[in-house]
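*Asks:* As input, take target_12.cif (mmCIF, C-alpha atoms and all ligand atoms):
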```
data_my_file
loop_
_atom_site.group_PDB
_atom_site.id
_atom_site.type_symbol
_atom_site.label_atom_id
_atom_site.label_comp_id
_atom_site.auth_asym_id
_atom_site.auth_seq_id
_atom_site.Cartn_x
_atom_site.Cartn_y
_atom_site.Cartn_z
ATOM 1 C CA MET O 1 -9.338 17.295 -21.904
ATOM 2 C CA GLN O 2 -5.621 17.029 -21.352
ATOM 3 C CA LEU O 3 -4.110 14.252 -19.299
ATOM 4 C CA LEU O 4 -1.741 15.345 -16.521
ATOM 5 C CA ASP O 5 0.825 12.669 -17.201
ATOM 6 C CA GLY O 6 2.570 11.972 -13.909
ATOM 7 C CA LYS O 7 4.527 9.117 -15.377
ATOM 8 C CA LYS O 8 6.133 11.245 -18.078
ATOM 9 C CA THR O 9 6.633 14.256 -15.797
ATOM 10 C CA SER O 10 8.195 12.129 -13.061
ATOM 11 C CA ASN O 11 10.540 10.625 -15.661
ATOM 12 C CA ASP O 12 11.600 14.142 -16.723
ATOM 13 C CA ILE O 13 12.298 14.988 -13.067
ATOM 14 C CA LYS O 14 14.252 11.755 -12.566
ATOM 15 C CA ASP O 15 16.349 12.563 -15.653
ATOM 16 C CA GLU O 16 17.132 15.989 -14.176
ATOM 17 C CA ILE O 17 18.091 14.413 -10.839
ATOM 18 C CA ALA O 18 20.199 11.725 -12.547
ATOM 19 C CA ALA O 19 22.126 14.464 -14.387
ATOM 20 C CA GLU O 20 22.894 16.169 -11.064
ATOM 21 C CA VAL O 21 24.007 12.871 -9.539
ATOM 22 C CA THR O 22 26.346 12.297 -12.473
ATOM 23 C CA LYS O 23 27.902 15.712 -11.806
ATOM 24 C CA LEU O 24 28.381 14.884 -8.111
ATOM 25 C CA ARG O 25 29.949 11.557 -9.018
ATOM 26 C CA GLU O 26 32.284 13.148 -11.576
ATOM 27 C CA ALA O 27 33.355 15.714 -8.998
ATOM 28 C CA GLY O 28 34.276 12.838 -6.669
ATOM 29 C CA GLU O 29 31.535 13.747 -4.208
ATOM 30 C CA LYS O 30 29.285 11.429 -2.262
ATOM 31 C CA VAL O 31 26.039 10.647 -4.050
ATOM 32 C CA PRO O 32 22.709 10.953 -2.171
ATOM 33 C CA HIS O 33 21.747 7.985 -0.005
ATOM 34 C CA LEU O 34 18.102 7.322 0.911
ATOM 35 C CA ALA O 35 17.048 4.753 3.504
ATOM 36 C CA ALA O 36 13.536 3.360 3.808
ATOM 37 C CA VAL O 37 12.133 1.596 6.846
ATOM 38 C CA ILE O 38 9.126 -0.687 6.603
ATOM 39 C CA VAL O 39 7.526 -2.578 9.464
ATOM 40 C CA GLY O 40 5.296 -5.569 8.681
ATOM 41 C CA ASN O 41 3.973 -7.045 5.461
ATOM 42 C CA ASP O 42 1.277 -4.688 4.174
ATOM 43 C CA GLY O 43 1.110 -5.397 0.434
ATOM 44 C CA ALA O 44 0.582 -1.810 -0.725
ATOM 45 C CA SER O 45 3.351 -0.480 1.555
ATOM 46 C CA LEU O 46 5.797 -3.132 0.303
ATOM 47 C CA THR O 47 4.980 -2.123 -3.288
ATOM 48 C CA TYR O 48 5.471 1.589 -2.554
ATOM 49 C CA VAL O 49 8.764 1.061 -0.746
ATOM 50 C CA GLY O 50 9.970 -1.246 -3.524
ATOM 51 C CA SER O 51 9.217 1.505 -6.054
ATOM 52 C CA LYS O 52 11.115 4.044 -3.960
ATOM 53 C CA VAL O 53 14.206 1.827 -3.771
ATOM 54 C CA ARG O 54 14.052 1.087 -7.535
ATOM 55 C CA ALA O 55 13.747 4.815 -8.230
ATOM 56 C CA CYS O 56 16.974 5.415 -6.262
ATOM 57 C CA LYS O 57 18.836 3.012 -8.568
ATOM 58 C CA ARG O 58 17.325 4.690 -11.623
ATOM 59 C CA VAL O 59 18.824 8.098 -10.683
ATOM 60 C CA GLY O 60 22.115 6.786 -9.289
ATOM 61 C CA PHE O 61 21.390 7.218 -5.566
ATOM 62 C CA GLU O 62 22.555 4.784 -2.927
ATOM 63 C CA SER O 63 19.670 3.162 -1.074
ATOM 64 C CA THR O 64 19.175 1.048 2.032
ATOM 65 C CA LEU O 65 16.018 -0.905 2.786
ATOM 66 C CA LYS O 66 15.345 -1.834 6.421
ATOM 67 C CA GLN O 67 12.553 -4.370 6.505
ATOM 68 C CA LEU O 68 11.392 -5.214 10.029
ATOM 69 C CA PRO O 69 8.866 -7.838 11.169
ATOM 70 C CA GLU O 70 5.331 -6.935 12.258
ATOM 71 C CA SER O 71 6.327 -7.898 15.830
ATOM 72 C CA THR O 72 8.945 -5.091 16.038
ATOM 73 C CA THR O 73 8.490 -3.092 19.239
ATOM 74 C CA GLU O 74 8.298 0.689 19.465
ATOM 75 C CA GLU O 75 11.620 0.685 21.350
ATOM 76 C CA GLU O 76 13.325 -1.318 18.602
ATOM 77 C CA LEU O 77 12.021 1.030 15.923
ATOM 78 C CA LEU O 78 13.115 4.077 17.944
ATOM 79 C CA GLU O 79 16.560 2.480 18.250
ATOM 80 C CA LEU O 80 16.788 2.115 14.454
ATOM 81 C CA VAL O 81 15.582 5.698 13.945
ATOM 82 C CA GLY O 82 18.327 6.831 16.339
ATOM 83 C CA GLN O 83 20.936 4.932 14.323
ATOM 84 C CA LEU O 84 19.718 6.434 11.055
ATOM 85 C CA ASN O 85 19.852 9.922 12.595
ATOM 86 C CA GLU O 86 23.478 9.325 13.593
ATOM 87 C CA ASN O 87 24.683 7.578 10.427
ATOM 88 C CA PRO O 88 26.555 10.145 8.277
ATOM 89 C CA GLU O 89 26.234 7.911 5.188
ATOM 90 C CA ILE O 90 22.441 8.354 5.156
ATOM 91 C CA ASP O 91 21.320 11.745 3.804
ATOM 92 C CA GLY O 92 17.623 11.159 4.354
ATOM 93 C CA TYR O 93 15.204 8.417 5.267
ATOM 94 C CA ILE O 94 11.551 7.579 5.483
ATOM 95 C CA VAL O 95 9.519 5.388 7.805
ATOM 96 C CA GLN O 96 6.732 3.986 5.650
ATOM 97 C CA LEU O 97 3.233 4.526 7.039
ATOM 98 C CA PRO O 98 0.973 3.096 8.300
ATOM 99 C CA LEU O 99 2.837 1.458 11.166
ATOM 100 C CA PRO O 100 1.390 -1.518 13.091
ATOM 101 C CA ALA O 101 -1.225 -0.503 15.687
ATOM 102 C CA HIS O 102 1.062 -1.246 18.668
ATOM 103 C CA ILE O 103 3.525 1.455 17.564
ATOM 104 C CA ASP O 104 2.787 5.126 18.275
ATOM 105 C CA GLU O 105 3.237 6.754 14.869
ATOM 106 C CA GLU O 106 3.528 10.254 16.304
ATOM 107 C CA LYS O 107 6.336 9.196 18.636
ATOM 108 C CA ILE O 108 8.294 7.722 15.713
ATOM 109 C CA LEU O 109 7.808 10.723 13.422
ATOM 110 C CA LEU O 110 8.946 13.061 16.224
ATOM 111 C CA ALA O 111 12.136 11.017 16.621
ATOM 112 C CA VAL O 112 13.198 11.454 12.968
ATOM 113 C CA HIS O 113 15.806 14.218 12.764
ATOM 114 C CA PRO O 114 14.221 17.106 10.808
ATOM 115 C CA ASP O 115 17.363 17.427 8.632
ATOM 116 C CA LYS O 116 16.897 13.833 7.440
ATOM 117 C CA ASP O 117 13.106 13.929 7.282
ATOM 118 C CA VAL O 118 12.744 13.775 3.484
ATOM 119 C CA ASP O 119 9.039 12.907 3.918
ATOM 120 C CA GLY O 120 8.521 16.326 5.546
ATOM 121 C CA PHE O 121 6.365 14.765 8.280
ATOM 122 C CA HIS O 122 8.192 16.158 11.333
ATOM 123 C CA PRO O 123 6.353 19.088 12.995
ATOM 124 C CA THR O 124 9.426 21.279 12.404
ATOM 125 C CA ASN O 125 9.263 20.675 8.659
ATOM 126 C CA PHE O 126 5.469 20.843 8.455
ATOM 127 C CA GLY O 127 5.536 24.084 10.448
ATOM 128 C CA ARG O 128 8.240 25.567 8.236
ATOM 129 C CA MET O 129 6.160 24.629 5.171
ATOM 130 C CA ALA O 130 3.100 26.335 6.665
ATOM 131 C CA LEU O 131 5.202 29.473 7.297
ATOM 132 C CA ASP O 132 6.633 29.633 3.730
ATOM 133 C CA MET O 133 10.129 28.745 4.960
ATOM 134 C CA GLU O 134 12.583 26.465 3.186
ATOM 135 C CA THR O 135 11.922 22.880 4.224
ATOM 136 C CA PHE O 136 11.183 19.380 2.986
ATOM 137 C CA ILE O 137 7.677 19.504 1.531
ATOM 138 C CA SER O 138 5.867 16.155 1.777
ATOM 139 C CA ALA O 139 6.264 14.251 -1.454
ATOM 140 C CA THR O 140 2.615 13.874 -2.467
ATOM 141 C CA PRO O 141 1.545 17.530 -2.080
ATOM 142 C CA PHE O 142 4.934 18.604 -3.502
ATOM 143 C CA GLY O 143 4.293 16.338 -6.497
ATOM 144 C CA ILE O 144 0.848 17.825 -7.092
ATOM 145 C CA MET O 145 2.256 21.378 -6.982
ATOM 146 C CA GLU O 146 5.050 20.403 -9.382
ATOM 147 C CA LEU O 147 2.575 18.814 -11.807
ATOM 148 C CA LEU O 148 0.449 21.997 -11.800
ATOM 149 C CA ARG O 149 3.563 24.130 -12.352
ATOM 150 C CA ARG O 150 4.992 21.996 -15.165
ATOM 151 C CA TYR O 151 1.674 22.033 -17.047
ATOM 152 C CA ASN O 152 1.473 25.827 -16.525
ATOM 153 C CA ILE O 153 -1.942 25.551 -14.931
ATOM 154 C CA ASP O 154 -3.157 28.920 -13.755
ATOM 155 C CA THR O 155 -4.126 28.574 -10.107
ATOM 156 C CA SER O 156 -4.021 32.255 -9.120
ATOM 157 C CA GLY O 157 -7.368 33.423 -7.765
ATOM 158 C CA LYS O 158 -8.928 30.083 -8.652
ATOM 159 C CA HIS O 159 -11.147 28.177 -6.263
ATOM 160 C CA ALA O 160 -9.512 24.924 -5.218
ATOM 161 C CA VAL O 161 -11.601 22.382 -3.325
ATOM 162 C CA VAL O 162 -9.590 19.768 -1.439
ATOM 163 C CA ILE O 163 -11.374 16.594 -0.317
ATOM 164 C CA GLY O 164 -9.778 15.015 2.750
ATOM 165 C CA ARG O 165 -7.832 16.536 5.649
ATOM 166 C CA SER O 166 -5.075 13.951 6.190
ATOM 167 C CA HIS O 167 -1.743 15.131 7.570
ATOM 168 C CA ILE O 168 0.136 13.838 4.537
ATOM 169 C CA VAL O 169 -2.054 15.102 1.683
ATOM 170 C CA GLY O 170 -5.239 17.113 2.312
ATOM 171 C CA ARG O 171 -3.940 19.417 5.046
ATOM 172 C CA PRO O 172 -0.583 20.279 3.420
ATOM 173 C CA ILE O 173 -1.945 20.678 -0.142
ATOM 174 C CA SER O 174 -4.595 23.088 1.170
ATOM 175 C CA ILE O 175 -1.808 25.215 2.673
ATOM 176 C CA LEU O 176 0.469 25.043 -0.402
ATOM 177 C CA LEU O 177 -2.298 25.997 -2.857
ATOM 178 C CA SER O 178 -3.167 29.059 -0.787
ATOM 179 C CA GLN O 179 0.417 30.322 -0.490
ATOM 180 C CA LYS O 180 1.925 33.118 -2.563
ATOM 181 C CA GLY O 181 3.885 32.133 -5.650
ATOM 182 C CA LYS O 182 3.629 30.574 -9.097
ATOM 183 C CA GLY O 183 1.327 27.582 -9.198
ATOM 184 C CA ALA O 184 -0.413 28.708 -5.990
ATOM 185 C CA ASN O 185 -2.406 31.806 -4.879
ATOM 186 C CA ALA O 186 -5.626 29.811 -4.958
ATOM 187 C CA THR O 187 -8.644 30.317 -2.720
ATOM 188 C CA VAL O 188 -8.947 27.006 -0.908
ATOM 189 C CA THR O 189 -11.853 25.138 0.622
ATOM 190 C CA LEU O 190 -10.838 22.103 2.667
ATOM 191 C CA THR O 191 -13.635 19.544 2.881
ATOM 192 C CA HIS O 192 -13.836 16.366 4.958
ATOM 193 C CA SER O 193 -16.168 13.719 6.353
ATOM 194 C CA ARG O 194 -18.189 16.276 8.335
ATOM 195 C CA THR O 195 -18.657 18.674 5.426
ATOM 196 C CA LYS O 196 -22.394 19.180 4.896
ATOM 197 C CA ASP O 197 -22.684 19.302 1.102
ATOM 198 C CA ILE O 198 -19.479 18.400 -0.725
ATOM 199 C CA LYS O 199 -21.172 18.432 -4.127
ATOM 200 C CA ALA O 200 -22.310 22.051 -3.688
ATOM 201 C CA LEU O 201 -18.636 22.956 -3.112
ATOM 202 C CA THR O 202 -17.020 20.785 -5.804
ATOM 203 C CA LEU O 203 -19.489 22.246 -8.339
ATOM 204 C CA GLN O 204 -17.916 25.657 -7.661
ATOM 205 C CA ALA O 205 -14.353 24.377 -7.912
ATOM 206 C CA ASP O 206 -11.905 25.373 -10.647
ATOM 207 C CA ILE O 207 -9.535 22.780 -9.188
ATOM 208 C CA VAL O 208 -10.494 19.637 -7.254
ATOM 209 C CA VAL O 209 -7.899 17.670 -5.295
ATOM 210 C CA SER O 210 -9.410 14.437 -4.031
ATOM 211 C CA ALA O 211 -7.499 12.554 -1.319
ATOM 212 C CA LEU O 212 -10.240 10.506 0.196
ATOM 213 C CA GLY O 213 -9.609 6.850 -0.660
ATOM 214 C CA ILE O 214 -13.151 6.017 -1.836
ATOM 215 C CA PRO O 215 -13.118 4.498 -5.343
ATOM 216 C CA ASN O 216 -15.051 6.487 -7.987
ATOM 217 C CA PHE O 217 -16.388 8.938 -5.379
ATOM 218 C CA LEU O 218 -16.241 12.014 -7.603
ATOM 219 C CA LYS O 219 -18.862 11.783 -10.362
ATOM 220 C CA ALA O 220 -19.372 13.975 -13.425
ATOM 221 C CA ASP O 221 -22.424 15.688 -11.877
ATOM 222 C CA MET O 222 -20.173 16.913 -9.032
ATOM 223 C CA VAL O 223 -17.732 18.880 -11.209
ATOM 224 C CA LYS O 224 -17.874 22.100 -13.165
ATOM 225 C CA GLU O 225 -17.178 22.143 -16.918
ATOM 226 C CA GLY O 226 -13.453 22.860 -17.475
ATOM 227 C CA ALA O 227 -12.300 21.994 -13.951
ATOM 228 C CA VAL O 228 -8.784 20.695 -13.215
ATOM 229 C CA ILE O 229 -9.048 17.316 -11.478
ATOM 230 C CA ILE O 230 -6.267 15.889 -9.309
ATOM 231 C CA ASP O 231 -6.926 12.346 -8.101
ATOM 232 C CA VAL O 232 -4.790 11.244 -5.145
ATOM 233 C CA GLY O 233 -6.873 8.145 -4.369
ATOM 234 C CA ILE O 234 -5.263 4.784 -5.071
ATOM 235 C CA THR O 235 -7.421 2.006 -3.644
ATOM 236 C CA ARG O 236 -6.827 -1.683 -4.325
ATOM 237 C CA VAL O 237 -10.207 -3.053 -5.414
ATOM 238 C CA PRO O 238 -10.419 -6.883 -5.240
ATOM 239 C CA ASP O 239 -10.811 -8.451 -8.700
ATOM 240 C CA GLU O 240 -10.356 -12.189 -9.102
ATOM 241 C CA SER O 241 -10.242 -11.922 -12.891
ATOM 242 C CA ARG O 242 -6.815 -10.254 -12.644
ATOM 243 C CA GLU O 243 -3.610 -12.081 -11.947
ATOM 244 C CA ARG O 244 -2.756 -9.764 -9.035
ATOM 245 C CA GLY O 245 -6.244 -10.217 -7.567
ATOM 246 C CA TYR O 246 -7.018 -6.490 -7.548
ATOM 247 C CA TYR O 247 -6.994 -3.344 -9.639
ATOM 248 C CA LEU O 248 -6.073 0.212 -8.655
ATOM 249 C CA CYS O 249 -8.901 2.715 -8.539
ATOM 250 C CA GLY O 250 -8.829 6.459 -7.906
ATOM 251 C CA ASP O 251 -11.353 8.660 -6.092
ATOM 252 C CA VAL O 252 -12.511 10.048 -9.436
ATOM 253 C CA ASP O 253 -14.873 8.281 -11.814
ATOM 254 C CA PHE O 254 -12.358 8.902 -14.596
ATOM 255 C CA GLU O 255 -14.438 7.816 -17.618
ATOM 256 C CA GLN O 256 -17.268 10.204 -16.678
ATOM 257 C CA VAL O 257 -15.294 13.100 -15.296
ATOM 258 C CA LYS O 258 -12.717 13.275 -18.122
ATOM 259 C CA GLU O 259 -15.490 14.496 -20.453
ATOM 260 C CA LYS O 260 -15.924 17.664 -18.353
ATOM 261 C CA ALA O 261 -12.377 18.267 -17.075
ATOM 262 C CA SER O 262 -9.847 20.578 -18.735
ATOM 263 C CA TYR O 263 -6.997 18.597 -17.125
ATOM 264 C CA ILE O 264 -7.147 15.336 -15.198
ATOM 265 C CA THR O 265 -4.669 12.935 -13.583
ATOM 266 C CA PRO O 266 -5.093 9.221 -14.345
ATOM 267 C CA VAL O 267 -4.825 6.445 -11.744
ATOM 268 C CA PRO O 268 -2.358 4.851 -11.959
ATOM 269 C CA GLY O 269 0.160 7.131 -13.692
ATOM 270 C CA GLY O 270 -0.832 10.484 -12.207
ATOM 271 C CA VAL O 271 0.035 11.634 -8.702
ATOM 272 C CA GLY O 272 1.644 8.309 -7.624
ATOM 273 C CA PRO O 273 4.806 8.521 -9.766
ATOM 274 C CA MET O 274 5.161 12.222 -8.889
ATOM 275 C CA THR O 275 5.325 11.322 -5.193
ATOM 276 C CA ILE O 276 8.353 9.131 -5.813
ATOM 277 C CA ALA O 277 10.107 11.733 -7.970
ATOM 278 C CA MET O 278 9.648 14.396 -5.272
ATOM 279 C CA LEU O 279 10.994 12.084 -2.573
ATOM 280 C CA LEU O 280 14.147 11.790 -4.697
ATOM 281 C CA LYS O 281 14.225 15.568 -5.082
ATOM 282 C CA ASN O 282 14.041 15.987 -1.301
ATOM 283 C CA THR O 283 16.846 13.464 -0.850
ATOM 284 C CA LEU O 284 19.054 15.356 -3.299
ATOM 285 C CA LEU O 285 18.223 18.538 -1.378
ATOM 286 C CA ALA O 286 19.164 16.825 1.911
ATOM 287 C CA ARG O 287 22.493 15.775 0.384
ATOM 288 C CA LYS O 288 23.241 19.334 -0.764
ATOM 289 C CA ARG O 289 22.270 20.796 2.620
ATOM 290 C CA HIS O 290 24.434 18.385 4.574
ATOM 291 C CA HIS O 291 27.314 19.195 2.270
HETATM 292 N N1 LIG O 301 2.278 6.095 3.335
HETATM 293 C C1 LIG O 301 1.511 6.629 2.357
HETATM 294 N N2 LIG O 301 2.164 7.654 1.761
HETATM 295 C C2 LIG O 301 3.356 7.762 2.375
HETATM 296 C C3 LIG O 301 4.466 8.638 2.201
HETATM 297 O O1 LIG O 301 4.487 9.535 1.364
HETATM 298 N N3 LIG O 301 5.530 8.415 3.037
HETATM 299 C C4 LIG O 301 5.518 7.448 3.975
HETATM 300 N N4 LIG O 301 6.587 7.338 4.759
HETATM 301 N N5 LIG O 301 4.501 6.632 4.178
HETATM 302 C C5 LIG O 301 3.429 6.791 3.381
#
```
Output the file's structure as structure tokens, nothing else.

*Replies:*
Amino acid sequence: MQLLDGKKTSNDIKDEIAAEVTKLREAGEKVPHLAAVIVGNDGASLTYVGSKVRACKRVGFESTLKQLPESTTEEELLELVGQLNENPEIDGYIVQLPLPAHIDEEKILLAVHPDKDVDGFHPTNFGRMALDMETFISATPFGIMELLRRYNIDTSGKHAVVIGRSHIVGRPISILLSQKGKGANATVTLTHSRTKDIKALTLQADIVVSALGIPNFLKADMVKEGAVIIDVGITRVPDESRERGYYLCGDVDFEQVKEKASYITPVPGGVGPMTIAMLLKNTLLARKRHH
């Protein structure tokens, strides 16, 4: 078994980005500027956004954090989105999800200008991705594809089983894995809550991507010997014995499954850090495009 080390790989990517930022700075050009919007006080979201802002500093980007109260109205958020669209200093921005229930998420995502949509959530960017056109690919699926590419994992003609059909992971990764090109060309099965017999499918999989959010869902008896296992799950499981009061748990029963896998991502330290690195990559791309 080989670990797919997202922490190390994301650090390599950040070093590459930092080198490009240094070049921009030396040439007297504006460095990339990412803004992040968060509404409310969800603990996990605050942690993720904090990591994104720290990552900007690490590579030499400018960053702006807009933290709004839970009581923010849809109109107020749309107003801020409008300002970010207009602000020439900001190359790209994200609105952290989930949003409070009283705000229509779809309405907000539609209001983000596609040229600044470094999350790749706008229908224009998602559609361009699905049609093999240049775009911003959502950071988590982009990170998974980059991890597969950097570890030279052969995906061509392989059977990839994706668990979960979310708009931000399951759906896009199923499209990317099936596309033409290095690190893709897989035959993809997309499974979800209505799938009749997930185990029968995962047992046939050369590659499993699990983006379900159920701790330790994928057991050793559900995977084929030598399979590549990508764990996107990152659930906070309450644990009073820890100072933080919880621990992070993936969808994959790591201790069992690692004995059968050829490659496997750990949680934490697998897909999570890759997501942040790819968001930075998209922001650098946005900067270059606007230039
Ligand atoms: N919530 C969970 N993942 C993401 C992400 O990649 N981007 C944003 N904006 N919100 C998220």

*Asks:* Pick from O:Thr47, O:Ala36, O:Lys260, O:Ser71: nearest to Asp117 in chain O, with only C-alpha atoms counted?

*Replies:*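 With only C-alpha atoms as the atom set, the closest residue is O:Ala36.
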
*Asks:* When the PyMOL selection byres (((chain O and resi 55-67) around 10) and not hetatm) is applied to the file above, which residues end up in the set, as a ChimeraX atom specification?

*Replies:* /O:11,13-22,25,30-41,46,49-54,68-70,80,89-95,273,276-277,279-280,283-284

*Asks:* Let me see if you get this right: every residue at most 6 Å from ligand LIG 301 (chain O), counting all atoms listed in the file, written as a list in words.

*Replies:*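 Residues lying within 6 Å of ligand LIG 301 (chain O): Ile94, Val95, Gln96, Leu97, Pro98, Asp119 and Ala139 of chain O.
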
*Asks:* Between O:Val237, O:Val81, O:Ala200, O:Ile214, which has the minimum distance to Ala44 in chain O (counting all atoms listed in the file)?

*Replies:*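 Among the listed residues, O:Val237 lies closest to Ala44 in chain O.
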
*Asks:* Given the PyMOL selection byres (((chain O and resi 256) around 10) and not hetatm) and the file above, list the residues it selects as a list in words.

*Replies:*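 This file gives the following for the PyMOL selection byres (((chain O and resi 256) around 10) and not hetatm): Asn216, Leu218, Lys219, Ala220, Asp221, Val252, Asp253, Phe254, Glu255, Val257, Lys258, Glu259, Lys260 and Ala261 of chain O.
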
*Asks:* Considering only C-alpha atoms, state which residue in the set O:Ile264, O:Glu243, O:Pro114, O:Val209 is at the smallest distance from Gly226 in chain O.

*Replies:* O:Ile264

*Asks:* In Å, how far is it from CA of Asp115 in chain O to CA of Leu84 in chain O?

*Replies:*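 The value is 11.5 Å.
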
*Asks:* Contacts of His167 in chain O at 9 Å or less, counting all atoms listed in the file, minus same-chain residues fewer than 4 places along, as a list in words?

*Replies:*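 Skipping anything fewer than 4 positions along the chain leaves Phe121, Arg171 and Pro172 of chain O.
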
*Asks:* From the options O:Leu110, O:Val162, O:Leu77, O:Val118, which residue's atoms come nearest to Phe136 in chain O, counting only C-alpha atoms?

*Replies:*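 The answer is O:Val118, which sits nearest to Phe136 in chain O.
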
*Asks:* So the first atom is CA of Thr202 in chain O and the second is CA of Tyr263 in chain O; what is the distance between them in Å, to one decimal place?

*Replies:*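 We find that CA of Thr202 in chain O and CA of Tyr263 in chain O lie 15.3 Å from each other.
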
*Asks:* At a cut-off of 10 Å, using only C-alpha atoms, what residues contact Gly6 in chain O? Leave out same-chain residues fewer than 2 positions from it and give the result as a list in words.

*Replies:* Leu3, Leu4, Lys8, Thr9, Ser10, Asn11, Asp12, Gly143, Ile144, Glu146, Leu147, Thr265, Pro266, Val267, Pro268, Gly269, Gly270, Val271, Gly272, Pro273, Met274, Thr275 and Ala277 of chain O

*Asks:* Neighbours of Asn125 in chain O within 9 Å (only C-alpha atoms; same-chain residues fewer than 2 positions away dropped), as an NGL selection string?

*Replies:* :O and (114-115 or 117 or 120-123 or 127-130 or 133-138)

*Asks:* Check the smallest atom-to-atom distance from each of O:Arg287, O:Leu176, O:Ala205, O:Asp251 to Glu29 in chain O using only C-alpha atoms, then report the winner.

*Replies:* O:Arg287

*Asks:* List, as an NGL selection string, every residue that the PyMOL selection byres (((chain O and resi 155) around 10) and not hetatm) selects in the file provided.

*Replies:* :O and (148-149 or 152-154 or 156-160 or 177-178 or 181-187 or 206-207 or 228)

*Asks:* Excluding Arg194 in chain O and its own-chain neighbours fewer than 3 positions away, which residues fall within 12 Å of it when counting only C-alpha atoms? Please give them as a list in words.

*Replies:* Ile163, Gly164, Arg165, Leu190, Thr191, Asp197 and Ile198 of chain O

*Asks:* Mind completing range 173-178 of chain O with all heavy atoms? Output as an mmCIF file, keeping the file's coordinate frame, please?

*Replies:*
```
data_model
loop_
_atom_site.group_PDB
_atom_site.id
_atom_site.type_symbol
_atom_site.label_atom_id
_atom_site.label_comp_id
_atom_site.auth_asym_id
_atom_site.auth_seq_id
_atom_site.Cartn_x
_atom_site.Cartn_y
_atom_site.Cartn_z
ATOM 1 N N ILE O 173 -1.664 20.121 1.204
ATOM 2 C CA ILE O 173 -1.945 20.678 -0.142
ATOM 3 C C ILE O 173 -2.852 21.909 -0.017
ATOM 4 O O ILE O 173 -2.738 22.848 -0.812
ATOM 5 C CB ILE O 173 -2.535 19.611 -1.119
ATOM 6 C CG1 ILE O 173 -2.502 20.105 -2.574
ATOM 7 C CG2 ILE O 173 -3.965 19.227 -0.778
ATOM 8 C CD1 ILE O 173 -1.170 20.252 -3.189
ATOM 9 N N SER O 174 -3.722 21.918 1.005
ATOM 10 C CA SER O 174 -4.595 23.088 1.170
ATOM 11 C C SER O 174 -3.759 24.318 1.531
ATOM 12 O O SER O 174 -4.060 25.438 1.099
ATOM 13 C CB SER O 174 -5.679 22.817 2.212
ATOM 14 O OG SER O 174 -5.122 22.720 3.499
ATOM 15 N N ILE O 175 -2.701 24.098 2.300
ATOM 16 C CA ILE O 175 -1.808 25.215 2.673
ATOM 17 C C ILE O 175 -0.990 25.668 1.453
ATOM 18 O O ILE O 175 -0.922 26.850 1.138
ATOM 19 C CB ILE O 175 -0.875 24.789 3.827
ATOM 20 C CG1 ILE O 175 -1.692 24.512 5.096
ATOM 21 C CG2 ILE O 175 0.192 25.853 4.084
ATOM 22 C CD1 ILE O 175 -0.904 23.830 6.217
ATOM 23 N N LEU O 176 -0.406 24.703 0.740
ATOM 24 C CA LEU O 176 0.469 25.043 -0.402
ATOM 25 C C LEU O 176 -0.303 25.792 -1.489
ATOM 26 O O LEU O 176 0.197 26.763 -2.062
ATOM 27 C CB LEU O 176 1.107 23.782 -0.978
ATOM 28 C CG LEU O 176 2.127 23.080 -0.072
ATOM 29 C CD1 LEU O 176 2.481 21.702 -0.619
ATOM 30 C CD2 LEU O 176 3.387 23.929 0.083
ATOM 31 N N LEU O 177 -1.519 25.354 -1.789
ATOM 32 C CA LEU O 177 -2.298 25.997 -2.857
ATOM 33 C C LEU O 177 -2.666 27.430 -2.497
ATOM 34 O O LEU O 177 -2.849 28.261 -3.380
ATOM 35 C CB LEU O 177 -3.569 25.195 -3.146
ATOM 36 C CG LEU O 177 -3.387 23.943 -3.997
ATOM 37 C CD1 LEU O 177 -4.636 23.059 -3.919
ATOM 38 C CD2 LEU O 177 -3.084 24.295 -5.449
ATOM 39 N N SER O 178 -2.755 27.705 -1.192
ATOM 40 C CA SER O 178 -3.167 29.059 -0.787
ATOM 41 C C SER O 178 -1.985 30.012 -0.622
ATOM 42 O O SER O 178 -2.166 31.213 -0.428
ATOM 43 C CB SER O 178 -3.957 28.986 0.522
ATOM 44 O OG SER O 178 -3.095 28.657 1.591
#
```
